[in-house]
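As provided, query27.cif (mmCIF, C-alpha atoms) reads as follows.
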data_start
#
loop_
_atom_site.label_atom_id
_atom_site.label_comp_id
_atom_site.auth_asym_id
_atom_site.auth_seq_id
_atom_site.Cartn_x
_atom_site.Cartn_y
_atom_site.Cartn_z
CA MET O 10 -60.06 32.00 -0.82
CA GLY O 11 -60.82 31.13 -4.43
CA PRO O 12 -58.21 28.43 -5.20
CA LYS O 13 -58.58 26.87 -1.81
CA LYS O 14 -62.23 26.50 -2.39
CA ASP O 15 -61.58 24.74 -5.71
CA THR O 16 -59.25 22.17 -4.17
CA LYS O 17 -61.65 21.59 -1.42
CA GLU O 18 -64.32 20.84 -3.95
CA THR O 19 -61.99 18.37 -5.71
CA SER O 20 -61.00 16.76 -2.43
CA ALA O 21 -64.64 16.67 -1.55
CA THR O 22 -65.35 14.79 -4.71
CA ALA O 23 -62.31 12.57 -4.05
CA LYS O 24 -63.36 11.76 -0.52
CA LYS O 25 -67.06 11.93 -1.16
CA LYS O 26 -68.01 13.38 2.15
CA ASP O 27 -71.12 15.32 2.80
CA THR O 28 -69.51 17.18 5.65
CA THR O 29 -66.82 18.68 3.40
CA ALA O 30 -69.46 19.89 1.03
CA ALA O 31 -71.18 21.40 3.99
CA THR O 32 -67.97 23.14 5.07
CA THR O 33 -67.25 24.56 1.59
CA THR O 34 -70.44 26.43 1.85
CA ALA O 35 -69.53 27.18 5.43
CA THR O 36 -66.29 28.96 4.41
CA ALA O 37 -68.21 31.19 2.06
CA SER O 38 -70.32 32.42 4.92
CA ALA O 39 -68.22 33.00 8.02
CA LYS O 40 -69.35 30.98 10.95
CA LYS O 41 -73.03 30.70 10.48
CA PRO O 42 -74.85 27.43 10.81
CA THR O 43 -75.11 26.00 7.30
CA LYS O 44 -77.68 24.36 5.19
CA PRO O 45 -76.37 22.05 2.47
CA THR O 46 -77.25 23.38 -1.00
CA SER O 47 -79.89 21.62 -2.93
CA SER O 48 -77.32 20.26 -5.48
CA THR O 49 -75.19 18.48 -2.88
CA THR O 50 -77.76 16.90 -0.67
CA ALA O 51 -77.05 13.21 -0.96
CA SER O 52 -79.26 12.22 1.87
CA GLY O 53 -82.73 13.50 1.66
CA LYS O 54 -82.44 15.26 5.00
CA ASP O 55 -82.45 19.00 5.21
CA ALA O 56 -80.13 19.09 8.26
CA THR O 57 -78.58 22.35 9.48
CA LYS O 58 -75.12 21.72 10.82
CA VAL O 59 -73.11 24.01 13.08
CA VAL O 60 -69.50 23.88 11.85
CA THR O 61 -66.94 24.60 14.56
CA LYS O 62 -63.79 26.58 13.90
CA ASP O 63 -61.56 23.60 14.69
CA ARG O 64 -63.36 21.40 12.23
CA LYS O 65 -63.04 24.07 9.54
CA GLU O 66 -59.31 24.50 10.11
CA LYS O 67 -58.76 20.76 10.08
CA VAL O 68 -60.49 20.36 6.77
CA GLN O 69 -58.65 23.34 5.32
CA THR O 70 -55.21 21.99 6.25
CA LYS O 71 -56.15 18.59 4.90
CA ALA O 72 -57.23 20.12 1.60
CA LEU O 73 -54.12 22.28 1.45
CA LYS O 74 -51.89 19.26 1.99
CA ALA O 75 -53.65 17.39 -0.76
CA LYS O 76 -53.11 20.32 -3.09
CA GLN O 77 -49.42 20.52 -2.17
CA ARG O 78 -48.93 16.84 -2.79
CA VAL O 79 -50.46 17.18 -6.22
CA VAL O 80 -48.21 20.11 -7.03
CA ARG O 81 -45.05 18.65 -5.53
CA GLY O 82 -45.38 15.14 -6.76
CA ASN O 83 -44.77 12.01 -4.78
CA GLN O 84 -41.24 12.24 -3.30
CA LEU O 85 -40.76 8.54 -2.87
CA THR O 86 -40.61 7.99 -6.60
CA ARG O 87 -38.30 10.91 -7.41
CA LYS O 88 -36.23 10.64 -10.58
CA ARG O 89 -32.51 10.16 -10.15
CA LYS O 90 -30.13 12.33 -12.16
CA ILE O 91 -28.41 10.45 -14.93
CA ARG O 92 -24.65 10.89 -14.76
CA THR O 93 -22.90 10.09 -18.01
CA LYS O 94 -19.35 10.87 -16.82
CA PRO O 95 -17.40 9.24 -14.00
CA ARG O 96 -16.09 12.57 -12.78
CA PHE O 97 -17.96 14.74 -10.32
CA ARG O 98 -17.30 18.46 -10.71
CA ARG O 99 -18.30 20.86 -7.96
CA PRO O 100 -21.55 22.54 -8.98
CA PHE O 101 -21.79 26.30 -9.19
CA THR O 102 -22.89 27.68 -5.85
CA LEU O 103 -23.93 31.13 -4.78
CA ARG O 104 -21.01 33.52 -4.47
CA LEU O 105 -21.94 36.74 -2.75
CA GLN O 106 -20.08 39.97 -3.17
CA ARG O 107 -18.37 41.50 -0.22
CA GLN O 108 -20.41 43.97 1.74
CA PRO O 109 -18.10 45.08 4.50
CA LYS O 110 -19.59 46.63 7.59
CA TYR O 111 -16.65 48.98 7.82
CA PRO O 112 -13.68 49.88 5.65
CA ARG O 113 -10.53 48.26 7.00
CA ARG O 114 -8.54 51.44 6.44
CA SER O 115 -10.31 54.68 7.25
CA VAL O 116 -8.50 56.56 4.49
CA PRO O 117 -7.09 54.90 1.37
CA LYS O 118 -3.33 55.17 1.06
CA ARG O 119 -1.96 58.26 -0.59
CA ASN O 120 -0.17 57.65 -3.89
CA ARG O 121 3.46 58.38 -3.04
CA LEU O 122 4.56 58.08 -6.66
CA ASP O 123 2.76 61.11 -8.04
CA HIS O 124 4.14 63.05 -10.99
CA PHE O 125 6.07 65.39 -8.67
CA ALA O 126 7.87 62.43 -7.21
CA ILE O 127 8.49 60.70 -10.54
CA ILE O 128 10.52 63.42 -12.27
CA LYS O 129 13.27 64.59 -9.99
CA TYR O 130 15.11 67.07 -12.23
CA PRO O 131 16.23 67.49 -15.83
CA LEU O 132 19.86 66.94 -16.75
CA THR O 133 21.90 69.88 -18.03
CA THR O 134 25.14 68.16 -19.04
CA GLU O 135 26.76 68.66 -22.42
CA SER O 136 25.56 65.36 -23.80
CA ALA O 137 22.06 66.19 -22.56
CA MET O 138 22.26 69.54 -24.40
CA LYS O 139 23.31 67.69 -27.53
CA LYS O 140 20.26 65.46 -27.22
CA ILE O 141 17.98 68.46 -26.90
CA GLU O 142 19.34 70.10 -30.04
CA ASP O 143 19.86 67.14 -32.30
CA ASN O 144 17.36 64.46 -31.26
CA ASN O 145 14.47 66.51 -29.90
CA THR O 146 14.74 64.70 -26.57
CA LEU O 147 14.80 65.86 -23.00
CA VAL O 148 16.84 64.02 -20.41
CA PHE O 149 15.54 63.66 -16.87
CA ILE O 150 16.66 62.04 -13.68
CA VAL O 151 13.67 60.07 -12.62
CA ASN O 152 12.49 58.10 -9.60
CA ILE O 153 13.90 54.61 -9.84
CA ARG O 154 10.48 53.06 -9.24
CA ALA O 155 8.94 54.89 -12.20
CA ASN O 156 8.39 53.01 -15.43
CA LYS O 157 8.17 54.33 -18.98
CA PRO O 158 4.42 54.87 -19.23
CA LEU O 159 4.42 56.64 -15.86
CA ILE O 160 7.29 58.87 -17.01
CA LYS O 161 5.36 59.70 -20.16
CA GLN O 162 2.31 60.70 -18.12
CA ALA O 163 4.35 62.74 -15.68
CA VAL O 164 6.12 64.69 -18.42
CA LYS O 165 2.78 65.37 -20.05
CA LYS O 166 1.28 66.62 -16.81
CA MET O 167 4.20 68.71 -15.66
CA TYR O 168 5.44 70.26 -18.89
CA ASP O 169 2.46 69.87 -21.19
CA VAL O 170 4.38 67.99 -23.90
CA ASP O 171 3.66 64.71 -25.65
CA ALA O 172 6.40 62.12 -25.67
CA GLU O 173 6.98 59.94 -28.68
CA LYS O 174 8.99 57.41 -26.73
CA VAL O 175 10.89 57.05 -23.48
CA ASN O 176 14.15 55.20 -23.01
CA THR O 177 15.43 54.54 -19.54
CA LEU O 178 18.60 53.32 -17.95
CA ILE O 179 19.83 53.01 -14.41
CA ARG O 180 23.02 54.88 -13.75
CA PRO O 181 25.86 53.33 -11.81
CA ASP O 182 25.12 55.67 -8.90
CA GLY O 183 21.63 54.20 -8.62
CA GLU O 184 19.61 56.92 -10.28
CA LYS O 185 17.32 56.32 -13.22
CA LYS O 186 17.89 58.40 -16.32
CA ALA O 187 15.07 58.85 -18.83
CA TYR O 188 15.54 60.02 -22.41
CA VAL O 189 12.19 61.44 -23.40
CA ARG O 190 11.90 61.95 -27.14
CA LEU O 191 9.22 64.50 -27.86
CA LYS O 192 6.74 64.32 -30.68
CA ALA O 193 7.56 66.13 -33.89
CA ASP O 194 5.14 68.97 -33.24
CA HIS O 195 7.07 69.91 -30.07
CA ASP O 196 10.49 71.53 -30.10
CA ALA O 197 12.75 70.32 -27.32
CA LEU O 198 14.74 73.56 -27.39
CA ASP O 199 11.65 75.67 -26.75
CA VAL O 200 10.46 73.38 -24.01
CA ALA O 201 13.89 73.46 -22.38
CA ASN O 202 13.87 77.25 -22.46
CA ARG O 203 10.40 77.27 -20.95
CA ILE O 204 11.36 74.87 -18.16
CA GLY O 205 14.60 76.71 -17.41
CA ILE O 206 17.18 74.12 -18.39
CA ILE O 207 19.11 76.27 -20.78
CA MET P 154 6.33 81.67 0.40
CA ALA P 155 9.48 80.86 2.22
CA HIS P 156 8.16 78.83 5.09
CA VAL P 157 4.73 77.41 5.80
CA THR P 158 3.88 76.40 9.34
CA CYS P 159 1.07 74.16 10.47
CA CYS P 160 -0.59 76.93 12.47
CA GLN P 161 -0.91 79.08 9.39
CA ILE P 162 -2.76 76.51 7.34
CA ARG P 163 -4.99 74.65 9.78
CA GLU P 164 -8.05 76.78 9.02
CA LYS P 165 -7.77 76.41 5.26
CA SER P 166 -10.07 74.26 3.19
CA SER P 167 -8.87 71.14 1.42
CA ASN P 168 -8.91 72.88 -2.00
CA GLU P 169 -6.75 75.71 -0.72
CA LEU P 170 -4.35 73.20 0.78
CA GLU P 171 -4.11 71.41 -2.56
CA ASN P 172 -3.28 74.71 -4.27
CA ILE P 173 -0.61 75.53 -1.72
CA LEU P 174 0.85 72.08 -2.20
CA ASN P 175 0.97 72.44 -5.98
CA ASN P 176 2.64 75.84 -5.73
CA LEU P 177 5.23 74.51 -3.34
CA HIS P 178 5.98 71.59 -5.61
CA GLU P 179 6.41 73.82 -8.64
CA GLU P 180 8.75 76.10 -6.71
CA LEU P 181 10.72 73.07 -5.65
CA ASN P 182 11.00 71.95 -9.24
CA THR P 183 12.39 75.27 -10.46
CA LEU P 184 14.91 75.35 -7.65
CA LYS P 185 16.03 71.82 -8.36
CA ILE P 186 16.63 72.69 -12.00
CA GLN P 187 18.75 75.66 -10.96
CA ARG P 188 20.76 73.52 -8.57
CA GLN P 189 21.15 76.39 -6.15
CA ASN P 190 19.52 77.70 -2.96
CA PHE P 191 19.82 74.49 -1.01
CA ASN P 192 18.52 76.15 2.15
CA LYS P 193 15.47 77.32 0.32
CA ILE P 194 14.98 73.84 -1.08
CA GLU P 195 15.03 72.45 2.43
CA ASN P 196 12.49 75.04 3.60
CA ILE P 197 10.15 74.17 0.80
CA ARG P 198 10.48 70.45 1.41
CA LYS P 199 9.57 70.99 5.07
CA SER P 200 6.66 73.22 4.08
CA ILE P 201 5.33 70.49 1.82
CA SER P 202 5.48 68.02 4.67
CA HIS P 203 3.68 70.53 6.94
CA VAL P 204 0.85 70.75 4.43
CA HIS P 205 0.62 66.97 4.32
CA ILE P 206 0.57 66.84 8.11
CA VAL P 207 -2.34 69.25 8.30
CA GLN P 208 -4.23 67.44 5.55
CA ASN P 209 -3.86 64.07 7.21
CA GLN P 210 -4.65 65.31 10.69
CA THR P 211 -7.85 67.06 9.64
CA THR P 212 -9.13 64.10 7.62
CA LYS P 213 -8.36 61.74 10.50
CA ASP P 214 -10.13 63.98 13.01
CA ASN P 215 -13.17 64.28 10.77
CA LEU P 216 -13.31 60.52 10.34
CA ARG P 217 -13.06 59.95 14.07
CA GLU P 218 -16.03 62.25 14.55
CA PHE P 219 -17.91 60.48 11.79
CA TYR P 220 -17.39 57.04 13.30
CA HIS P 221 -17.92 58.16 16.88
CA GLY P 222 -20.28 55.78 18.65
CA GLU P 223 -20.46 53.35 15.75
CA LYS P 224 -20.18 49.69 16.50
CA TYR P 225 -17.84 48.92 13.62
CA LYS P 226 -15.01 51.35 13.08
CA PRO P 227 -12.11 51.09 10.69
CA LYS P 228 -9.24 49.33 12.37
CA ASP P 229 -6.93 52.33 12.40
CA LEU P 230 -9.53 54.33 14.34
CA ARG P 231 -9.81 51.69 17.06
CA PRO P 232 -7.52 51.90 20.13
CA LYS P 233 -4.15 50.48 19.25
CA GLN P 234 -3.02 49.09 22.68
CA THR P 235 -1.16 45.84 22.06
CA ARG P 236 -2.23 42.72 20.18
CA ALA P 237 -2.61 40.74 23.38
CA MET P 238 -4.53 43.46 25.17
CA ARG P 239 -6.98 43.75 22.30
CA ARG P 240 -7.75 40.06 22.68
CA LEU P 241 -8.37 40.18 26.42
CA LEU P 242 -11.86 39.92 27.89
CA THR P 243 -13.54 43.26 28.38
CA PRO P 244 -14.09 44.34 32.02
CA LYS P 245 -17.80 43.57 31.62
CA GLU P 246 -17.09 40.11 30.28
CA GLU P 247 -14.71 39.45 33.15
CA SER P 248 -17.28 40.43 35.77
CA ILE P 249 -19.96 38.05 34.54
CA SER P 250 -20.70 35.25 37.00
CA LEU P 251 -23.34 32.64 37.51
CA THR P 252 -26.32 33.49 39.67
CA LYS P 253 -25.19 30.58 41.78
CA THR P 254 -21.84 32.22 42.55
CA GLN P 255 -23.49 35.61 42.98
CA LYS P 256 -25.84 34.16 45.57
CA LYS P 257 -22.96 32.45 47.33
CA LYS P 258 -21.07 35.74 47.48
CA LEU P 259 -24.07 37.47 48.94
CA ALA P 260 -24.69 34.74 51.46
CA PHE P 261 -21.07 34.23 52.48
CA PRO P 262 -19.15 37.46 52.02
CA LYS P 263 -15.56 37.79 53.07
CA ARG P 264 -15.59 38.64 56.74
CA THR P 265 -12.97 40.65 58.50
CA TYR P 266 -12.07 40.05 62.11
CA SER P 267 -9.83 41.79 64.48
CA VAL P 268 -8.19 40.44 67.51
CA LYS P 269 -8.96 42.16 70.76
CA ASP P 270 -5.94 42.79 72.86
#
Please go through the file and, once you have read it, give me the structure as structure tokens.
Amino acid sequence: MGPKKDTKETSATAKKKDTTAATTTATASAKKPTKPTSSTTASGKDATKVVTKDRKEKVQTKALKAKQRVVRGNQLTRKRKIRTKPRFRRPFTLRLQRQPKYPRRSVPKRNRLDHFAIIKYPLTTESAMKKIEDNNTLVFIVNIRANKPLIKQAVKKMYDVDAEKVNTLIRPDGEKKAYVRLKADHDALDVANRIGII
Amino acid sequence: MAHVTCCQIREKSSNELENILNNLHEELNTLKIQRQNFNKIENIRKSISHVHIVQNQTTKDNLREFYHGEKYKPKDLRPKQTRAMRRLLTPKEESISLTKTQKKKLAFPKRTYSVKD
């Protein structure tokens, strides 16, 4: 009630009405018949005035509106924005994140290209054996949709070895062959024995 | 294990199923390296698919229970029907009529007469 009372006092002084002064004191005390305070008696009369509820509300809304107008400023003389460029760019507007009421798919799709599916089997041909002994590489037949980083990860997961690099080619019969060169601290021969290639 | 059937594994927890799956895959790998036992390879491949079947069925059932009675369900849990049938009016929507027509129906129902011989 504090700020309202202040504006009412200012509006009272603006409008210079005795009745408003009477009602400011009226709002302090609920609905009792009021006596104007000795400081605000303009007329010499010591009249007691019964302030009705309607009258009180009317004055309150009037005071509130006056306050709002002061705060808001007069809208008729609003400043126009100065535009220095001929081009109008769309202003940034609110972009809300999605908050779906239900997931479209009940279960997310299973990853069909897991490391079991990537590496099909290791090659055991003579040239593959040569690679194992001489170049520290293992040779695998690999899923054709697998790429080099995936092959690296799969080899690491399945056989617990780090690959230095992976070279791939697609055979004429449609299969992908991957030459996986192991890091220097791994021995391809040992790994091959462990896997069961030899 | 030579052959895993769905009945055997339906009661197992998801962790156990994962373990079974991993074991089956590793067996498959060793057999593929050996390039022998093609019958066994086939058995293991079918067992792997049985495990997947059980996994998917149990998760789907659980989800159906979870969303039972909800207003918004995931689209794969809603009745599939056909595209056109999903877009039809529901029976309740079809039966809606104006009070005017309802009153008319009450006042002037369809009468049946029979002819006296």
Inset, instruction - Might you pull out every residue within 12 Å of Glu169 of chain P, with only C-alpha atoms counted and same-chain residues fewer than 6 positions away left off, and present them as a ChimeraX atom specification? - result: /P:162-163,175-176,204,207-208
Could you dump the residues just selected with C-alpha atoms as a PDB file, in the coordinates of the input?
ATOM      1  CA  ILE P 162      -2.760  76.510   7.340  1.00  0.00           C
ATOM      2  CA  ARG P 163      -4.990  74.650   9.780  1.00  0.00           C
ATOM      3  CA  ASN P 175       0.970  72.440  -5.980  1.00  0.00           C
ATOM      4  CA  ASN P 176       2.640  75.840  -5.730  1.00  0.00           C
ATOM      5  CA  VAL P 204       0.850  70.750   4.430  1.00  0.00           C
ATOM      6  CA  VAL P 207      -2.340  69.250   8.300  1.00  0.00           C
ATOM      7  CA  GLN P 208      -4.230  67.440   5.550  1.00  0.00           C
TER       8      GLN P 208
END
Inset, instruction - Grab the atom CA of Pro158 of chain O to atom CA of His124 of chain O distance for me, in Å with one decimal place. - result: 11.6 Å
Legend entry - Residues of chain O within 8 Å of chain P, all atoms listed in the file counted, as a VMD selection string: chain O and resid 110 to 116 125 129 to 131 204 to 206
Legend entry - Distance in Å - atom CA of Asp199 of chain O versus atom CA of Val148 of chain O: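 Answer for the atom CA of Asp199 of chain O to atom CA of Val148 of chain O separation: 14.2 Å.
Across the structure, atom CA of Arg89 of chain O and atom CA of Gln77 of chain O are spaced 21.4 Å apart.
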Legend entry - Contact residues around Ser200 of chain P with all atoms listed in the file at 10 Å, ignoring same-chain residues under 6 positions, as a ChimeraX atom specification: /P:154-159,173-174,177-178,194,206
Inset, instruction - Tell me which protein, DNA and RNA residues are within 12 Å of Met138 of chain O, counting only C-alpha atoms, leaving out same-chain ones fewer than 5 positions away, and put them as an MDAnalysis selection string. - result: chainID O and resid 131:133 143:149 188 197:198 201:202 206:207
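Minimum atom-to-atom distance to Ile179 of chain O, evaluated using only C-alpha atoms, belongs to O:Ile153 out of O:Ile153, O:Val200, O:Ile128, O:Ala193.
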Inset, instruction - Convert the output of the PyMOL selection byres ((chain O and resi 161) around 8) on the shown file into explicit residues, formatted as a ChimeraX atom specification. - result: /O:157-160,162-165,171-172,174-175,189
